[in-house]
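The file protein_29.csv comes next; it holds CSV, C-alpha atoms and all ligand atoms.
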```csv
chain,number,residue,atom,x,y,z
A,1,MET,CA,123.1,74.2,101.6
A,2,LEU,CA,124.5,73.3,98.3
A,3,ILE,CA,122.7,73.8,95.0
A,4,ILE,CA,124.1,72.9,91.6
A,5,LEU,CA,123.0,74.6,88.4
A,6,LEU,CA,123.5,72.2,85.5
A,7,GLY,CA,122.8,73.2,81.9
A,8,PRO,CA,124.4,73.9,78.6
A,9,PRO,CA,126.3,77.1,77.8
A,10,GLY,CA,123.8,80.0,77.4
A,11,ALA,CA,121.0,78.2,79.4
A,12,GLY,CA,120.8,81.2,81.7
A,13,LYS,CA,122.7,79.7,84.7
A,14,GLY,CA,124.5,83.0,85.5
A,15,THR,CA,121.3,85.0,85.1
A,16,GLN,CA,119.4,82.8,87.5
A,17,ALA,CA,122.4,82.5,89.9
A,18,GLU,CA,122.2,86.2,90.7
A,19,ARG,CA,118.6,85.8,91.9
A,20,ILE,CA,119.2,82.5,93.8
A,21,ILE,CA,122.2,83.7,95.8
A,22,LYS,CA,120.2,86.8,96.9
A,23,GLU,CA,117.2,84.7,97.9
A,24,ARG,CA,119.2,82.2,100.0
A,25,GLN,CA,122.5,84.1,100.9
A,26,LEU,CA,124.7,81.5,99.1
A,27,ALA,CA,128.2,82.0,97.9
A,28,HIS,CA,128.2,82.0,94.0
A,29,ILE,CA,130.9,79.7,92.7
A,30,ALA,CA,131.0,80.1,88.9
A,31,THR,CA,134.1,78.2,87.6
A,32,GLY,CA,133.9,80.0,84.3
A,33,ASP,CA,134.2,83.4,86.0
A,34,ILE,CA,137.0,82.3,88.2
A,35,LEU,CA,138.9,80.9,85.3
A,36,ARG,CA,138.4,84.0,83.2
A,37,SER,CA,139.7,86.2,86.0
A,38,ALA,CA,142.7,83.9,86.3
A,39,VAL,CA,143.4,84.3,82.6
A,40,LYS,CA,143.0,88.1,82.8
A,41,THR,CA,145.5,88.4,85.7
A,42,GLY,CA,147.9,85.9,84.2
A,43,THR,CA,148.2,83.5,87.1
A,44,THR,CA,149.7,80.0,86.6
A,45,LEU,CA,146.1,78.6,86.5
A,46,GLY,CA,145.1,81.2,83.9
A,47,ARG,CA,148.1,80.4,81.7
A,48,LYS,CA,147.3,76.7,81.8
A,49,ALA,CA,143.5,77.2,81.2
A,50,LYS,CA,143.6,79.8,78.4
A,51,HIS,CA,144.0,77.7,75.3
A,52,PHE,CA,141.3,75.2,76.3
A,53,MET,CA,138.9,78.0,76.9
A,54,ASP,CA,139.7,79.8,73.7
A,55,GLN,CA,139.0,76.6,71.8
A,56,GLY,CA,135.7,76.0,73.7
A,57,LYS,CA,137.1,72.8,75.3
A,58,LEU,CA,136.9,72.0,79.0
A,59,VAL,CA,139.8,72.9,81.2
A,60,PRO,CA,141.3,69.6,82.6
A,61,ASP,CA,139.5,68.3,85.7
A,62,GLU,CA,142.6,68.4,87.9
A,63,LEU,CA,142.9,72.2,87.5
A,64,VAL,CA,139.2,72.9,88.1
A,65,VAL,CA,138.7,70.6,91.1
A,66,GLU,CA,141.6,72.1,92.9
A,67,LEU,CA,140.1,75.6,92.5
A,68,VAL,CA,136.7,74.5,93.7
A,69,LYS,CA,138.2,72.7,96.7
A,70,GLU,CA,139.9,75.9,97.8
A,71,ARG,CA,136.9,78.1,97.0
A,72,LEU,CA,134.6,76.0,99.2
A,73,MET,CA,136.8,76.7,102.2
A,74,ASP,CA,136.3,80.5,101.9
A,75,PRO,CA,134.4,82.1,104.8
A,76,ASP,CA,131.5,83.2,102.6
A,77,CYS,CA,130.6,79.6,102.0
A,78,VAL,CA,129.5,79.0,105.6
A,79,ASN,CA,125.8,79.2,104.7
A,80,GLY,CA,126.4,77.1,101.6
A,81,ALA,CA,127.1,77.7,98.0
A,82,LEU,CA,125.6,77.7,94.5
A,83,LEU,CA,127.7,75.9,92.0
A,84,ASP,CA,127.3,77.4,88.5
A,85,GLY,CA,129.1,75.5,85.7
A,86,PHE,CA,130.6,72.9,88.0
A,87,PRO,CA,130.7,69.9,87.9
A,88,ARG,CA,130.9,69.5,84.1
A,89,THR,CA,132.2,65.9,84.0
A,90,VAL,CA,131.3,62.8,85.9
A,91,ASN,CA,134.9,62.8,87.3
A,92,GLN,CA,134.4,66.3,88.7
A,93,ALA,CA,131.1,65.2,90.2
A,94,SER,CA,132.7,62.3,92.1
A,95,PHE,CA,135.5,64.5,93.3
A,96,LEU,CA,132.8,66.9,94.6
A,97,GLU,CA,131.3,64.1,96.7
A,98,GLN,CA,134.6,63.4,98.3
A,99,VAL,CA,135.4,67.0,99.3
A,100,LEU,CA,131.9,68.1,100.4
A,101,PRO,CA,131.9,66.5,103.8
A,102,ASN,CA,134.9,68.7,104.7
A,103,ALA,CA,133.0,71.8,103.7
A,104,GLY,CA,130.2,70.7,106.0
A,105,PHE,CA,127.3,70.1,103.6
A,106,GLY,CA,125.9,67.7,101.0
A,107,ILE,CA,124.1,68.4,97.7
A,108,ASP,CA,120.5,69.5,98.2
A,109,ARG,CA,119.3,69.8,94.6
A,110,VAL,CA,120.7,69.8,91.1
A,111,LEU,CA,118.7,72.2,88.9
A,112,SER,CA,118.9,71.1,85.3
A,113,VAL,CA,118.1,74.2,83.1
A,114,GLU,CA,116.9,73.0,79.7
A,115,VAL,CA,116.8,75.2,76.6
A,116,ASP,CA,116.5,74.2,72.9
A,117,GLU,CA,119.6,74.4,70.8
A,118,LYS,CA,118.5,77.2,68.5
A,119,SER,CA,117.8,79.5,71.4
A,120,LEU,CA,121.1,78.6,73.0
A,121,ILE,CA,123.0,79.8,69.9
A,122,GLU,CA,120.9,83.0,69.8
A,123,ARG,CA,121.5,83.7,73.5
A,124,LEU,CA,125.3,83.0,73.3
A,125,THR,CA,126.0,85.0,70.2
A,126,GLY,CA,124.0,88.0,71.4
A,127,ARG,CA,125.4,87.9,74.9
A,128,ARG,CA,127.4,91.0,76.1
A,129,VAL,CA,129.3,91.1,79.4
A,130,CYS,CA,130.4,94.0,81.6
A,131,SER,CA,134.2,94.2,81.7
A,132,ASP,CA,134.1,95.7,85.2
A,133,CYS,CA,131.4,93.8,87.2
A,134,GLY,CA,130.8,90.8,85.0
A,135,ALA,CA,127.0,91.5,84.6
A,136,SER,CA,125.6,89.8,81.6
A,137,TYR,CA,123.3,91.4,78.9
A,138,HIS,CA,121.8,90.4,75.6
A,139,LEU,CA,121.4,92.5,72.5
A,140,LYS,CA,117.8,91.5,72.1
A,141,PHE,CA,116.6,89.9,75.4
A,142,LYS,CA,118.3,92.1,77.9
A,143,ALA,CA,119.6,95.2,76.3
A,144,PRO,CA,121.4,97.8,78.5
A,145,GLN,CA,119.7,101.3,78.8
A,146,VAL,CA,122.7,102.9,77.0
A,147,ARG,CA,124.3,100.9,74.2
A,148,ASN,CA,127.4,99.0,75.3
A,149,VAL,CA,127.3,100.5,78.8
A,150,CYS,CA,126.6,98.5,82.0
A,151,ASP,CA,123.4,99.6,83.8
A,152,ARG,CA,124.8,98.6,87.1
A,153,CYS,CA,128.3,100.1,87.1
A,154,GLY,CA,128.8,102.1,83.9
A,155,GLY,CA,131.5,99.7,82.7
A,156,ASP,CA,132.0,98.9,79.0
A,157,LEU,CA,130.3,95.8,77.6
A,158,PHE,CA,132.2,93.4,75.4
A,159,GLN,CA,131.6,90.1,73.6
A,160,ARG,CA,133.4,87.1,75.0
A,161,ASP,CA,135.7,85.6,72.4
A,162,ASP,CA,134.2,82.1,73.0
A,163,ASP,CA,130.7,83.5,72.2
A,164,ALA,CA,131.7,83.7,68.5
A,165,LEU,CA,129.5,81.3,66.5
A,166,GLY,CA,132.3,78.7,65.7
A,167,THR,CA,133.3,78.3,69.4
A,168,VAL,CA,129.7,78.3,70.5
A,169,LYS,CA,129.1,75.2,68.3
A,170,GLU,CA,132.1,73.5,69.7
A,171,ARG,CA,131.0,74.2,73.3
A,172,LEU,CA,127.6,72.8,72.6
A,173,GLN,CA,129.2,69.6,71.3
A,174,VAL,CA,131.5,69.4,74.3
A,175,TYR,CA,128.4,69.8,76.6
A,176,LYS,CA,126.6,66.9,74.9
A,177,LYS,CA,129.6,64.6,75.1
A,178,GLN,CA,131.1,65.4,78.5
A,179,THR,CA,128.5,67.1,80.6
A,180,GLU,CA,125.1,65.6,79.6
A,181,PRO,CA,126.0,62.2,81.2
A,182,LEU,CA,125.7,64.1,84.5
A,183,MET,CA,121.9,64.1,84.1
A,184,ASP,CA,121.8,60.4,84.4
A,185,TYR,CA,124.3,60.4,87.2
A,186,TYR,CA,122.2,62.8,89.3
A,187,GLN,CA,119.0,61.3,88.2
A,188,GLU,CA,120.1,58.0,89.7
A,189,LYS,CA,120.7,59.8,93.0
A,190,LYS,CA,117.3,61.4,92.7
A,191,LEU,CA,118.7,64.9,93.0
A,192,ILE,CA,117.6,66.4,89.7
A,193,ASP,CA,114.8,68.9,89.1
A,194,ARG,CA,114.2,69.8,85.5
A,195,ILE,CA,113.6,73.5,84.8
A,196,ASP,CA,112.1,74.8,81.5
A,197,GLY,CA,114.7,77.4,80.6
A,198,ASN,CA,113.0,78.4,77.4
A,199,LEU,CA,110.7,80.8,79.2
A,200,ASP,CA,111.5,84.4,80.1
A,201,VAL,CA,113.9,85.1,83.0
A,202,GLU,CA,111.1,85.7,85.6
A,203,GLN,CA,109.2,82.5,84.6
A,204,VAL,CA,112.3,80.5,84.9
A,205,TYR,CA,113.1,81.9,88.3
A,206,GLU,CA,109.5,81.1,89.5
A,207,GLN,CA,110.1,77.4,88.8
A,208,ILE,CA,113.4,77.6,90.7
A,209,LYS,CA,111.9,79.5,93.6
A,210,LYS,CA,109.2,76.8,94.1
A,211,ILE,CA,112.0,74.2,94.5
A,212,LEU,CA,114.1,76.4,96.8
A,213,ASP,CA,111.0,76.9,99.0
A,214,GLN,CA,110.8,73.1,99.6
A,215,ILE,CA,114.4,72.8,100.8
B,1,LIG,P1,129.0,79.2,80.0
B,1,LIG,O1,128.3,79.6,81.3
B,1,LIG,O2,128.6,80.1,78.9
B,1,LIG,O3,128.8,77.7,79.6
B,1,LIG,P2,131.4,79.3,81.5
B,1,LIG,O4,131.7,80.7,81.8
B,1,LIG,O5,130.7,78.5,82.5
B,1,LIG,O6,130.5,79.3,80.2
B,1,LIG,O7,132.7,78.6,81.0
B,1,LIG,C1,133.6,79.1,80.1
B,1,LIG,C2,134.7,78.2,79.9
B,1,LIG,O8,135.4,77.9,81.1
B,1,LIG,C3,134.3,76.8,79.4
B,1,LIG,O9,134.1,76.7,78.0
B,1,LIG,C4,135.5,75.9,79.8
B,1,LIG,O10,136.6,76.1,79.0
B,1,LIG,C5,135.9,76.6,81.2
B,1,LIG,N1,135.2,75.9,82.3
B,1,LIG,C6,134.3,76.5,83.1
B,1,LIG,N2,133.8,75.6,84.1
B,1,LIG,C7,134.5,74.5,83.8
B,1,LIG,C8,134.5,73.2,84.5
B,1,LIG,N3,133.7,72.9,85.5
B,1,LIG,N4,135.3,72.2,83.9
B,1,LIG,C9,136.1,72.5,82.9
B,1,LIG,N5,136.2,73.7,82.2
B,1,LIG,C10,135.4,74.7,82.7
B,2,LIG,P1,125.0,80.7,81.1
B,2,LIG,O1,125.6,81.2,82.4
B,2,LIG,O2,124.2,79.5,81.3
B,2,LIG,O3,126.0,80.6,80.0
B,2,LIG,P2,123.7,83.4,80.9
B,2,LIG,O4,123.0,83.6,82.2
B,2,LIG,O5,125.0,84.1,80.7
B,2,LIG,O6,123.9,81.8,80.6
B,2,LIG,O7,122.7,83.8,79.7
B,2,LIG,C1,123.1,83.7,78.3
B,2,LIG,C2,122.5,84.8,77.6
B,2,LIG,O8,121.1,84.7,77.5
B,2,LIG,C3,122.7,86.2,78.2
B,2,LIG,O9,122.9,87.2,77.2
B,2,LIG,C4,121.4,86.4,79.0
B,2,LIG,O10,121.1,87.8,79.1
B,2,LIG,C5,120.4,85.7,78.1
B,2,LIG,N1,119.4,85.1,78.9
B,2,LIG,C6,119.4,84.5,80.1
B,2,LIG,N2,118.2,84.0,80.4
B,2,LIG,C7,117.4,84.2,79.4
B,2,LIG,C8,116.0,84.0,79.2
B,2,LIG,N3,115.2,83.3,80.1
B,2,LIG,N4,115.4,84.4,78.1
B,2,LIG,C9,116.2,85.1,77.1
B,2,LIG,N5,117.5,85.4,77.3
B,2,LIG,C10,118.1,85.0,78.4
B,3,ZN,ZN,129.1,96.4,85.3
```
Starting from the coordinates I provided, produce the structure as C-alpha cells.
Ligand code: ADP
Ligand code: ADP
Ligand code: ZN
Amino acid sequence: MLIILLGPPGAGKGTQAERIIKERQLAHIATGDILRSAVKTGTTLGRKAKHFMDQGKLVPDELVVELVKERLMDPDCVNGALLDGFPRTVNQASFLEQVLPNAGFGIDRVLSVEVDEKSLIERLTGRRVCSDCGASYHLKFKAPQVRNVCDRCGGDLFQRDDDALGTVKERLQVYKKQTEPLMDYYQEKKLIDRIDGNLDVEQVYEQIKKILDQI
C-alpha cells in the first residue's frame, strides 16, 4: 500500500501521518525529516541540502529521489509506506512511478490536505518541534503540558529556523509554483482525494480514515 500526503507546508501532514501509520502499519517516509537529520549529522547529503532548506527552497530533485529510492528498500516498507512531503515536483512524481514497481506496490491514494493561507502562516510560525523525538507542537493549537518540554519524551522544544515568517512566505510561494501542479497531475490519474485541513486534528483525521477504510 502506498499513500501520498500532499499539501502545503503547515497543512498538518506530519500530524496526520502519525495517526495514519499507526492505523495501517505503514512506514513513514518524511523527506523533510530525513533531510534535517542528514543536516544535523553533517553527511554529504546534509551538506548539499542545507542552504536550500535554510532559504526555504526545494532541495534538488536528484538528491531527494535518490534518498527515497533507498528508503523504499528498507525492510519496514514491506507493508507499504506513507509518503509525507514527497513528491514535491512533477519530476519527482514521474521518478516515483519508475521506481515503485521495484518496491512491489503502486500508488493507492493521494490525499490533498487543503488549508487557507492565513492559517498556514499561523500554524508554521507557532510550530515547535521536539529536538529528541521530532514530535510537533503548537503554541496555541497543541501546547505541551510543560512549556517547551515534549510530553512524549521530555526533550526540549525548539522552533525550526525555516518556520520564521520570512522563510515561511518563501516556502508558500515555492509550494504554489513547484508543488501545486501535482494536483492536476494526480487528478488526471484519478488518484486525488481532497481533505479539508482547516478543521481540528480529529476532524481532519476522520475524513482520512473514511478513505483508508475504502482501500
Ligand atoms: P513542511 O512539512 O513544513 O513543508 P518539510 O519538513 O517537509 O516541511 O520540508 C522542509 C524542507 O526540506 C523543505 O523546505 C525543502 O527544503 C526540503 N524538502 C523536503 N522534502 C522535499 C522534497 N520532496 N523535495 C525537495 N525538497 C524537499
Ligand atoms: P506539515 O507537516 O504539513 O508541515 P504539521 O503537522 O507539522 O504540518 O503541522 C504544522 C503545525 O500546525 C504544527 O504546529 C501542528 O501542531 C499544527 N497543526 C496540525 N494540524 C492542525 C489542525 N488541524 N489544527 C490546528 N493546528 C494544527
Ligand atoms: Zn520528544
**Q.** Nearest-residue call for ligand LIG 1 (chain B), choices A:Cys133, A:Leu111, A:Ile34, A:Ala103, using all atoms listed in the file
**A.** A:Ile34
Q) By how many Å are atom CA of A:Gly126 and atom N2 of ligand LIG 2 (chain B) apart? A) 11.4 Å
Q. Which chains and residue numbers are within 7 Å of ligand ZN 3 (chain B), counting only C-alpha atoms and all ligand atoms, if I want them as an MDAnalysis selection string?
A. chainID A and resid 130:135 150:155
Q. Using only C-alpha atoms and all ligand atoms, what are the residues with an atom within 8 Å of ligand LIG 2 (chain B), set out as a VMD selection string?
A. chain A and resid 7 to 17 84 to 85 120 122 to 129 136 to 139 141 to 142 197 to 204
Q.
Show me which residues line ligand LIG 1 (chain B), defined as having an atom within 8 Å of a ligand atom where all atoms listed in the file count, and present them as a PyMOL selection string.
A. chain A and resi 7-14+30-33+35-36+49-50+52-61+64-65+84-89+92+124+162-163+171
(Q) Nearest residue to A:Gln187 out of A:Gln214, A:Thr167, A:Lys118, A:Arg109, using all atoms listed in the file? (A) A:Arg109
Please identify all polymer residues within 8 Å of stretch 74-78 of chain A, counting all atoms listed in the file, omitting same-chain residues fewer than 4 positions from it, and present them as a PDB file with C-alpha atoms, in the frame of the given file.
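File produced: selection_34.pdb:
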```
ATOM      1  CA  LEU A  26     124.700  81.500  99.100  1.00  0.00           C
ATOM      2  CA  ALA A  27     128.200  82.000  97.900  1.00  0.00           C
ATOM      3  CA  GLU A  70     139.900  75.900  97.800  1.00  0.00           C
TER       4      GLU A  70
END
```
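The two atoms in question, atom CA of A:Glu62 and atom CA of A:Glu97, are spaced 15.0 Å apart.
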Q: Determine the nearest neighbour of A:Tyr175 from the options A:Val90, A:Leu157, A:Met73, A:Ile29, counting all atoms listed in the file.
A: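 Smallest separation from A:Tyr175 among the options: A:Val90.
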Q. Rounded to one decimal in Å, what is the spacing between atom CA of A:Tyr186 and atom CA of A:Leu83?
A. 14.5 Å
**Q.** Residue among A:Asn91, A:Gly80, A:Lys190, A:Asp161 lying closest to A:His51, counting all atoms listed in the file
**A.**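 When distances to A:His51 are compared using all atoms listed in the file, the smallest one comes from A:Asp161.
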Q: For A:Ile195, please output as a ChimeraX atom specification all residues within 7 Å (counting only C-alpha atoms; exclusion window: fewer than 6 positions along the same chain).
A: /A:111-114,207
Q.
Using all atoms listed in the file for the distances, tell me which of A:Asp108, A:Pro144, A:Arg71, A:Pro101 is nearest to A:Leu212.
A. A:Asp108
Could you add whatever atoms are missing so that stretch 74-88 of chain A carries N, CA, C and O atoms, then write the result as a compact mmCIF listing (two decimals), in the coordinates of the input?
```txt
# COMPACT_ATOMS: atom_id res chain seq x y z
N ASP A 74 136.39 79.09 101.59
CA ASP A 74 136.30 80.50 101.90
C ASP A 74 135.18 80.79 102.88
O ASP A 74 134.16 80.10 102.87
N PRO A 75 135.39 81.82 103.73
CA PRO A 75 134.40 82.10 104.80
C PRO A 75 132.99 82.36 104.29
O PRO A 75 132.03 82.03 104.98
N ASP A 76 132.86 82.93 103.09
CA ASP A 76 131.50 83.20 102.60
C ASP A 76 130.70 81.99 102.25
O ASP A 76 129.52 82.07 101.94
N CYS A 77 131.33 80.82 102.32
CA CYS A 77 130.60 79.60 102.00
C CYS A 77 129.96 78.95 103.25
O CYS A 77 129.39 77.86 103.14
N VAL A 78 130.03 79.63 104.40
CA VAL A 78 129.50 79.00 105.60
C VAL A 78 128.01 78.62 105.50
O VAL A 78 127.58 77.59 105.99
N ASN A 79 127.23 79.50 104.85
CA ASN A 79 125.80 79.20 104.70
C ASN A 79 125.53 78.22 103.56
O ASN A 79 124.40 77.80 103.36
N GLY A 80 126.56 77.96 102.78
CA GLY A 80 126.40 77.10 101.60
C GLY A 80 126.74 77.82 100.34
O GLY A 80 127.16 78.97 100.36
N ALA A 81 126.59 77.11 99.24
CA ALA A 81 127.10 77.70 98.00
C ALA A 81 126.16 77.23 96.82
O ALA A 81 125.45 76.23 96.89
N LEU A 82 126.22 78.05 95.78
CA LEU A 82 125.60 77.70 94.50
C LEU A 82 126.67 77.45 93.51
O LEU A 82 127.49 78.33 93.23
N LEU A 83 126.72 76.23 93.01
CA LEU A 83 127.70 75.90 92.00
C LEU A 83 127.14 76.13 90.62
O LEU A 83 126.10 75.57 90.28
N ASP A 84 127.83 76.97 89.85
CA ASP A 84 127.30 77.40 88.50
C ASP A 84 128.41 77.01 87.50
O ASP A 84 129.48 77.61 87.48
N GLY A 85 128.12 75.96 86.72
CA GLY A 85 129.10 75.50 85.70
C GLY A 85 130.10 74.51 86.27
O GLY A 85 131.11 74.21 85.65
N PHE A 86 129.82 73.97 87.41
CA PHE A 86 130.60 72.90 88.00
C PHE A 86 129.68 71.99 88.79
O PHE A 86 128.83 72.52 89.51
N PRO A 87 129.78 70.68 88.74
CA PRO A 87 130.70 69.90 87.90
C PRO A 87 130.25 69.87 86.42
O PRO A 87 129.08 70.08 86.12
N ARG A 88 131.19 69.58 85.56
CA ARG A 88 130.90 69.50 84.10
C ARG A 88 131.32 68.13 83.57
O ARG A 88 131.16 67.90 82.36
```
